[in-house]
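Okay, query03.pdb now, which holds PDB, N, CA and C atoms, pLDDT in the B column:
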```
ATOM      1  N   MET N   6      54.315  27.132   3.180  1.00 68.00           N
ATOM      2  CA  MET N   6      52.990  26.666   3.525  1.00 68.00           C
ATOM      3  C   MET N   6      51.935  27.313   2.632  1.00 68.00           C
ATOM      4  N   ARG N   7      52.188  28.540   2.231  1.00 77.00           N
ATOM      5  CA  ARG N   7      51.226  29.257   1.380  1.00 77.00           C
ATOM      6  C   ARG N   7      51.061  28.538   0.046  1.00 77.00           C
ATOM      7  N   LEU N   8      52.127  27.918  -0.459  1.00 77.00           N
ATOM      8  CA  LEU N   8      52.064  27.200  -1.729  1.00 77.00           C
ATOM      9  C   LEU N   8      51.065  26.047  -1.635  1.00 77.00           C
ATOM     10  N   ILE N   9      51.086  25.339  -0.521  1.00 81.00           N
ATOM     11  CA  ILE N   9      50.163  24.224  -0.318  1.00 81.00           C
ATOM     12  C   ILE N   9      48.732  24.751  -0.205  1.00 81.00           C
ATOM     13  N   ASP N  10      48.544  25.839   0.524  1.00 83.00           N
ATOM     14  CA  ASP N  10      47.216  26.438   0.655  1.00 83.00           C
ATOM     15  C   ASP N  10      46.658  26.855  -0.701  1.00 83.00           C
ATOM     16  N   ASP N  11      47.521  27.479  -1.505  1.00 87.00           N
ATOM     17  CA  ASP N  11      47.087  27.894  -2.840  1.00 87.00           C
ATOM     18  C   ASP N  11      46.709  26.686  -3.687  1.00 87.00           C
ATOM     19  N   TYR N  12      47.491  25.622  -3.588  1.00 87.00           N
ATOM     20  CA  TYR N  12      47.205  24.407  -4.357  1.00 87.00           C
ATOM     21  C   TYR N  12      45.860  23.810  -3.936  1.00 87.00           C
ATOM     22  N   VAL N  13      45.650  23.726  -2.633  1.00 88.00           N
ATOM     23  CA  VAL N  13      44.398  23.158  -2.113  1.00 88.00           C
ATOM     24  C   VAL N  13      43.221  24.025  -2.543  1.00 88.00           C
ATOM     25  N   ASP N  14      43.354  25.334  -2.423  1.00 89.00           N
ATOM     26  CA  ASP N  14      42.285  26.245  -2.839  1.00 89.00           C
ATOM     27  C   ASP N  14      41.955  26.066  -4.322  1.00 89.00           C
ATOM     28  N   GLU N  15      42.977  25.989  -5.140  1.00 90.00           N
ATOM     29  CA  GLU N  15      42.776  25.825  -6.577  1.00 90.00           C
ATOM     30  C   GLU N  15      42.114  24.483  -6.880  1.00 90.00           C
ATOM     31  N   TYR N  16      42.566  23.438  -6.200  1.00 91.00           N
ATOM     32  CA  TYR N  16      41.990  22.110  -6.402  1.00 91.00           C
ATOM     33  C   TYR N  16      40.497  22.111  -6.042  1.00 91.00           C
ATOM     34  N   ILE N  17      40.179  22.707  -4.911  1.00 89.00           N
ATOM     35  CA  ILE N  17      38.788  22.755  -4.467  1.00 89.00           C
ATOM     36  C   ILE N  17      37.950  23.576  -5.443  1.00 89.00           C
ATOM     37  N   ASP N  18      38.459  24.698  -5.881  1.00 90.00           N
ATOM     38  CA  ASP N  18      37.726  25.532  -6.831  1.00 90.00           C
ATOM     39  C   ASP N  18      37.423  24.764  -8.116  1.00 90.00           C
ATOM     40  N   LYS N  19      38.392  24.030  -8.618  1.00 93.00           N
ATOM     41  CA  LYS N  19      38.203  23.291  -9.871  1.00 93.00           C
ATOM     42  C   LYS N  19      37.288  22.079  -9.700  1.00 93.00           C
ATOM     43  N   ASN N  20      37.279  21.501  -8.528  1.00 90.00           N
ATOM     44  CA  ASN N  20      36.570  20.235  -8.333  1.00 90.00           C
ATOM     45  C   ASN N  20      35.383  20.315  -7.376  1.00 90.00           C
ATOM     46  N   MET N  21      34.925  21.519  -7.062  1.00 87.00           N
ATOM     47  CA  MET N  21      33.859  21.668  -6.067  1.00 87.00           C
ATOM     48  C   MET N  21      32.610  20.874  -6.443  1.00 87.00           C
ATOM     49  N   GLU N  22      32.218  20.909  -7.687  1.00 86.00           N
ATOM     50  CA  GLU N  22      31.019  20.178  -8.115  1.00 86.00           C
ATOM     51  C   GLU N  22      31.158  18.682  -7.836  1.00 86.00           C
ATOM     52  N   TYR N  23      32.318  18.132  -8.124  1.00 88.00           N
ATOM     53  CA  TYR N  23      32.549  16.703  -7.891  1.00 88.00           C
ATOM     54  C   TYR N  23      32.641  16.380  -6.400  1.00 88.00           C
ATOM     55  N   ILE N  24      33.242  17.279  -5.644  1.00 87.00           N
ATOM     56  CA  ILE N  24      33.358  17.082  -4.198  1.00 87.00           C
ATOM     57  C   ILE N  24      31.967  17.075  -3.560  1.00 87.00           C
ATOM     58  N   ILE N  25      31.131  18.032  -3.960  1.00 84.00           N
ATOM     59  CA  ILE N  25      29.755  18.091  -3.435  1.00 84.00           C
ATOM     60  C   ILE N  25      29.017  16.795  -3.757  1.00 84.00           C
ATOM     61  N   GLU N  26      29.141  16.335  -4.989  1.00 83.00           N
ATOM     62  CA  GLU N  26      28.451  15.111  -5.402  1.00 83.00           C
ATOM     63  C   GLU N  26      29.006  13.887  -4.669  1.00 83.00           C
ATOM     64  N   GLU N  27      30.325  13.756  -4.619  1.00 85.00           N
ATOM     65  CA  GLU N  27      30.950  12.589  -4.003  1.00 85.00           C
ATOM     66  C   GLU N  27      30.671  12.517  -2.505  1.00 85.00           C
ATOM     67  N   TRP N  28      30.728  13.629  -1.834  1.00 86.00           N
ATOM     68  CA  TRP N  28      30.508  13.649  -0.388  1.00 86.00           C
ATOM     69  C   TRP N  28      29.041  13.839  -0.036  1.00 86.00           C
ATOM     70  N   ARG N  29      28.224  13.976  -1.073  1.00 84.00           N
ATOM     71  CA  ARG N  29      26.770  14.184  -0.904  1.00 84.00           C
ATOM     72  C   ARG N  29      26.472  15.381  -0.017  1.00 84.00           C
ATOM     73  N   LEU N  30      27.144  16.472  -0.300  1.00 84.00           N
ATOM     74  CA  LEU N  30      26.935  17.705   0.444  1.00 84.00           C
ATOM     75  C   LEU N  30      25.726  18.448  -0.118  1.00 84.00           C
ATOM     76  N   ALA N  31      25.081  19.232   0.709  1.00 81.00           N
ATOM     77  CA  ALA N  31      23.960  20.050   0.266  1.00 81.00           C
ATOM     78  C   ALA N  31      24.471  21.415  -0.144  1.00 81.00           C
ATOM     79  N   THR N  32      23.932  21.918  -1.217  1.00 79.00           N
ATOM     80  CA  THR N  32      24.276  23.269  -1.645  1.00 79.00           C
ATOM     81  C   THR N  32      23.262  24.233  -1.038  1.00 79.00           C
ATOM     82  N   GLN N  33      23.549  25.513  -1.126  1.00 79.00           N
ATOM     83  CA  GLN N  33      22.619  26.526  -0.606  1.00 79.00           C
ATOM     84  C   GLN N  33      21.283  26.409  -1.341  1.00 79.00           C
ATOM     85  N   ARG N  34      21.324  26.149  -2.640  1.00 78.00           N
ATOM     86  CA  ARG N  34      20.091  25.990  -3.423  1.00 78.00           C
ATOM     87  C   ARG N  34      19.283  24.803  -2.918  1.00 78.00           C
ATOM     88  N   ASP N  35      19.966  23.705  -2.566  1.00 79.00           N
ATOM     89  CA  ASP N  35      19.269  22.536  -2.023  1.00 79.00           C
ATOM     90  C   ASP N  35      18.548  22.890  -0.732  1.00 79.00           C
ATOM     91  N   VAL N  36      19.227  23.627   0.127  1.00 80.00           N
ATOM     92  CA  VAL N  36      18.657  23.983   1.425  1.00 80.00           C
ATOM     93  C   VAL N  36      17.478  24.934   1.249  1.00 80.00           C
ATOM     94  N   VAL N  37      17.627  25.935   0.405  1.00 81.00           N
ATOM     95  CA  VAL N  37      16.547  26.892   0.165  1.00 81.00           C
ATOM     96  C   VAL N  37      15.352  26.177  -0.451  1.00 81.00           C
ATOM     97  N   ASP N  38      15.596  25.298  -1.388  1.00 82.00           N
ATOM     98  CA  ASP N  38      14.524  24.574  -2.079  1.00 82.00           C
ATOM     99  C   ASP N  38      13.871  23.543  -1.166  1.00 82.00           C
ATOM    100  N   PHE N  39      14.574  23.106  -0.137  1.00 84.00           N
ATOM    101  CA  PHE N  39      14.068  22.065   0.752  1.00 84.00           C
ATOM    102  C   PHE N  39      12.746  22.469   1.400  1.00 84.00           C
ATOM    103  N   ALA N  40      12.661  23.684   1.876  1.00 81.00           N
ATOM    104  CA  ALA N  40      11.427  24.148   2.530  1.00 81.00           C
ATOM    105  C   ALA N  40      10.256  24.106   1.558  1.00 81.00           C
ATOM    106  N   GLY N  41      10.471  24.499   0.341  1.00 86.00           N
ATOM    107  CA  GLY N  41       9.412  24.452  -0.670  1.00 86.00           C
ATOM    108  C   GLY N  41       8.978  23.036  -0.989  1.00 86.00           C
ATOM    109  N   ARG N  42       9.949  22.136  -1.059  1.00 86.00           N
ATOM    110  CA  ARG N  42       9.613  20.731  -1.343  1.00 86.00           C
ATOM    111  C   ARG N  42       8.838  20.114  -0.197  1.00 86.00           C
ATOM    112  N   VAL N  43       9.215  20.449   1.040  1.00 89.00           N
ATOM    113  CA  VAL N  43       8.490  19.929   2.205  1.00 89.00           C
ATOM    114  C   VAL N  43       7.050  20.433   2.190  1.00 89.00           C
ATOM    115  N   LYS N  44       6.865  21.713   1.903  1.00 88.00           N
ATOM    116  CA  LYS N  44       5.515  22.291   1.857  1.00 88.00           C
ATOM    117  C   LYS N  44       4.678  21.610   0.783  1.00 88.00           C
ATOM    118  N   ALA N  45       5.252  21.361  -0.387  1.00 89.00           N
ATOM    119  CA  ALA N  45       4.518  20.685  -1.463  1.00 89.00           C
ATOM    120  C   ALA N  45       4.127  19.273  -1.051  1.00 89.00           C
ATOM    121  N   LEU N  46       5.023  18.568  -0.381  1.00 89.00           N
ATOM    122  CA  LEU N  46       4.709  17.217   0.085  1.00 89.00           C
ATOM    123  C   LEU N  46       3.615  17.238   1.138  1.00 89.00           C
ATOM    124  N   GLU N  47       3.661  18.204   2.035  1.00 88.00           N
ATOM    125  CA  GLU N  47       2.623  18.309   3.061  1.00 88.00           C
ATOM    126  C   GLU N  47       1.257  18.530   2.430  1.00 88.00           C
ATOM    127  N   GLN N  48       1.208  19.311   1.354  1.00 88.00           N
ATOM    128  CA  GLN N  48      -0.059  19.556   0.670  1.00 88.00           C
ATOM    129  C   GLN N  48      -0.571  18.292  -0.021  1.00 88.00           C
ATOM    130  N   GLU N  49       0.326  17.430  -0.460  1.00 87.00           N
ATOM    131  CA  GLU N  49      -0.077  16.186  -1.110  1.00 87.00           C
ATOM    132  C   GLU N  49      -0.478  15.120  -0.099  1.00 87.00           C
ATOM    133  N   ILE N  50       0.054  15.173   1.100  1.00 88.00           N
ATOM    134  CA  ILE N  50      -0.208  14.152   2.108  1.00 88.00           C
ATOM    135  C   ILE N  50      -1.663  14.182   2.575  1.00 88.00           C
ATOM    136  N   GLN N  51      -2.217  15.363   2.803  1.00 83.00           N
ATOM    137  CA  GLN N  51      -3.581  15.479   3.324  1.00 83.00           C
ATOM    138  C   GLN N  51      -4.602  14.778   2.416  1.00 83.00           C
ATOM    139  N   PRO N  52      -4.624  15.047   1.108  1.00 85.00           N
ATOM    140  CA  PRO N  52      -5.584  14.333   0.254  1.00 85.00           C
ATOM    141  C   PRO N  52      -5.366  12.817   0.266  1.00 85.00           C
ATOM    142  N   LEU N  53      -4.123  12.382   0.370  1.00 85.00           N
ATOM    143  CA  LEU N  53      -3.853  10.945   0.436  1.00 85.00           C
ATOM    144  C   LEU N  53      -4.435  10.352   1.713  1.00 85.00           C
ATOM    145  N   GLY N  54      -4.300  11.060   2.818  1.00 83.00           N
ATOM    146  CA  GLY N  54      -4.872  10.597   4.079  1.00 83.00           C
ATOM    147  C   GLY N  54      -6.384  10.508   3.997  1.00 83.00           C
ATOM    148  N   ASP N  55      -7.009  11.497   3.354  1.00 85.00           N
ATOM    149  CA  ASP N  55      -8.459  11.473   3.179  1.00 85.00           C
ATOM    150  C   ASP N  55      -8.873  10.282   2.322  1.00 85.00           C
ATOM    151  N   SER N  56      -8.108   9.995   1.285  1.00 88.00           N
ATOM    152  CA  SER N  56      -8.408   8.852   0.417  1.00 88.00           C
ATOM    153  C   SER N  56      -8.300   7.543   1.177  1.00 88.00           C
ATOM    154  N   VAL N  57      -7.282   7.418   1.998  1.00 89.00           N
ATOM    155  CA  VAL N  57      -7.098   6.204   2.787  1.00 89.00           C
ATOM    156  C   VAL N  57      -8.298   6.001   3.708  1.00 89.00           C
ATOM    157  N   THR N  58      -8.768   7.072   4.316  1.00 88.00           N
ATOM    158  CA  THR N  58      -9.929   6.985   5.208  1.00 88.00           C
ATOM    159  C   THR N  58     -11.163   6.523   4.440  1.00 88.00           C
ATOM    160  N   ARG N  59     -11.413   7.118   3.283  1.00 90.00           N
ATOM    161  CA  ARG N  59     -12.585   6.720   2.478  1.00 90.00           C
ATOM    162  C   ARG N  59     -12.481   5.272   2.027  1.00 90.00           C
ATOM    163  N   VAL N  60     -11.318   4.862   1.584  1.00 92.00           N
ATOM    164  CA  VAL N  60     -11.134   3.484   1.126  1.00 92.00           C
ATOM    165  C   VAL N  60     -11.318   2.513   2.290  1.00 92.00           C
ATOM    166  N   SER N  61     -10.817   2.866   3.449  1.00 92.00           N
ATOM    167  CA  SER N  61     -10.956   2.009   4.624  1.00 92.00           C
ATOM    168  C   SER N  61     -12.428   1.854   5.008  1.00 92.00           C
ATOM    169  N   GLU N  62     -13.162   2.949   4.975  1.00 93.00           N
ATOM    170  CA  GLU N  62     -14.590   2.885   5.293  1.00 93.00           C
ATOM    171  C   GLU N  62     -15.336   2.026   4.282  1.00 93.00           C
ATOM    172  N   ARG N  63     -15.009   2.190   3.013  1.00 94.00           N
ATOM    173  CA  ARG N  63     -15.674   1.391   1.971  1.00 94.00           C
ATOM    174  C   ARG N  63     -15.333  -0.085   2.128  1.00 94.00           C
ATOM    175  N   LEU N  64     -14.096  -0.376   2.445  1.00 94.00           N
ATOM    176  CA  LEU N  64     -13.687  -1.766   2.656  1.00 94.00           C
ATOM    177  C   LEU N  64     -14.453  -2.384   3.819  1.00 94.00           C
ATOM    178  N   SER N  65     -14.637  -1.628   4.874  1.00 95.00           N
ATOM    179  CA  SER N  65     -15.409  -2.134   6.020  1.00 95.00           C
ATOM    180  C   SER N  65     -16.838  -2.455   5.610  1.00 95.00           C
ATOM    181  N   ARG N  66     -17.468  -1.554   4.819  1.00 95.00           N
ATOM    182  CA  ARG N  66     -18.836  -1.817   4.351  1.00 95.00           C
ATOM    183  C   ARG N  66     -18.890  -3.071   3.477  1.00 95.00           C
ATOM    184  N   LEU N  67     -17.919  -3.211   2.596  1.00 95.00           N
ATOM    185  CA  LEU N  67     -17.890  -4.394   1.719  1.00 95.00           C
ATOM    186  C   LEU N  67     -17.681  -5.675   2.526  1.00 95.00           C
ATOM    187  N   GLU N  68     -16.820  -5.613   3.520  1.00 95.00           N
ATOM    188  CA  GLU N  68     -16.594  -6.788   4.366  1.00 95.00           C
ATOM    189  C   GLU N  68     -17.865  -7.163   5.119  1.00 95.00           C
ATOM    190  N   ASN N  69     -18.611  -6.173   5.605  1.00 94.00           N
ATOM    191  CA  ASN N  69     -19.870  -6.440   6.286  1.00 94.00           C
ATOM    192  C   ASN N  69     -20.890  -7.066   5.339  1.00 94.00           C
ATOM    193  N   ARG N  70     -20.957  -6.561   4.118  1.00 93.00           N
ATOM    194  CA  ARG N  70     -21.874  -7.138   3.127  1.00 93.00           C
ATOM    195  C   ARG N  70     -21.491  -8.584   2.824  1.00 93.00           C
ATOM    196  N   LEU N  71     -20.186  -8.835   2.658  1.00 93.00           N
ATOM    197  CA  LEU N  71     -19.724 -10.197   2.388  1.00 93.00           C
ATOM    198  C   LEU N  71     -20.064 -11.119   3.539  1.00 93.00           C
ATOM    199  N   LYS N  72     -19.883 -10.660   4.744  1.00 92.00           N
ATOM    200  CA  LYS N  72     -20.204 -11.471   5.931  1.00 92.00           C
ATOM    201  C   LYS N  72     -21.682 -11.827   5.938  1.00 92.00           C
ATOM    202  N   LYS N  73     -22.564 -10.860   5.616  1.00 91.00           N
ATOM    203  CA  LYS N  73     -24.003 -11.127   5.566  1.00 91.00           C
ATOM    204  C   LYS N  73     -24.333 -12.136   4.470  1.00 91.00           C
ATOM    205  N   ILE N  74     -23.680 -12.007   3.336  1.00 91.00           N
ATOM    206  CA  ILE N  74     -23.929 -12.959   2.220  1.00 91.00           C
ATOM    207  C   ILE N  74     -23.508 -14.355   2.624  1.00 91.00           C
ATOM    208  N   LYS N  75     -22.357 -14.485   3.279  1.00 91.00           N
ATOM    209  CA  LYS N  75     -21.893 -15.813   3.716  1.00 91.00           C
ATOM    210  C   LYS N  75     -22.825 -16.418   4.765  1.00 91.00           C
ATOM    211  N   GLU N  76     -23.463 -15.558   5.554  1.00 90.00           N
ATOM    212  CA  GLU N  76     -24.389 -16.040   6.570  1.00 90.00           C
ATOM    213  C   GLU N  76     -25.766 -16.356   5.964  1.00 90.00           C
ATOM    214  N   GLY N  77     -25.957 -16.083   4.680  1.00 86.00           N
ATOM    215  CA  GLY N  77     -27.198 -16.383   4.007  1.00 86.00           C
ATOM    216  C   GLY N  77     -28.203 -15.255   4.037  1.00 86.00           C
ATOM    217  N   ARG N  78     -27.781 -14.086   4.477  1.00 69.00           N
ATOM    218  CA  ARG N  78     -28.657 -12.916   4.471  1.00 69.00           C
ATOM    219  C   ARG N  78     -28.192 -11.955   3.383  1.00 69.00           C
ATOM    220  N   SER N  79     -29.121 -11.235   2.815  1.00 54.00           N
ATOM    221  CA  SER N  79     -28.725 -10.241   1.829  1.00 54.00           C
ATOM    222  C   SER N  79     -28.934  -8.871   2.301  1.00 54.00           C
TER     223      SER N  79
END
```

Could you write out this structure as structure tokens?
Amino acid sequence: MRLIDDYVDEYIDKNMEYIIEEWRLATQRDVVDFAGRVKALEQEIQPLGDSVTRVSERLSRLENRLKKIKEGRS
């Protein structure tokens, strides 16, 4: 049985990179880096939300102006 264990261990050692890729496993580096990537995304989300709010407000003003123009008022 030890011969089979040694063979499996050797196979895994030689092919670990391919096994991780094929099975889509996370490495320790992926997990450690994950927290940093989440934090960076959170920092980018806030300005995007602010932009969406400003654009929405501007769109509302433009729609109101268009409505007044269609009604014949300026």

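Note that the spacing between CA of Leu64 in chain N and atom C of Pro52 in chain N amounts to 17.0 Å.
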
| CA of Glu47 in chain N and CA of Ser65 in chain N are how many Å apart? |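 Separation of CA of Glu47 in chain N and CA of Ser65 in chain N: 27.4 Å.
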
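As for CA of Tyr12 in chain N and atom N of Arg34 in chain N, they are spaced 26.0 Å apart.
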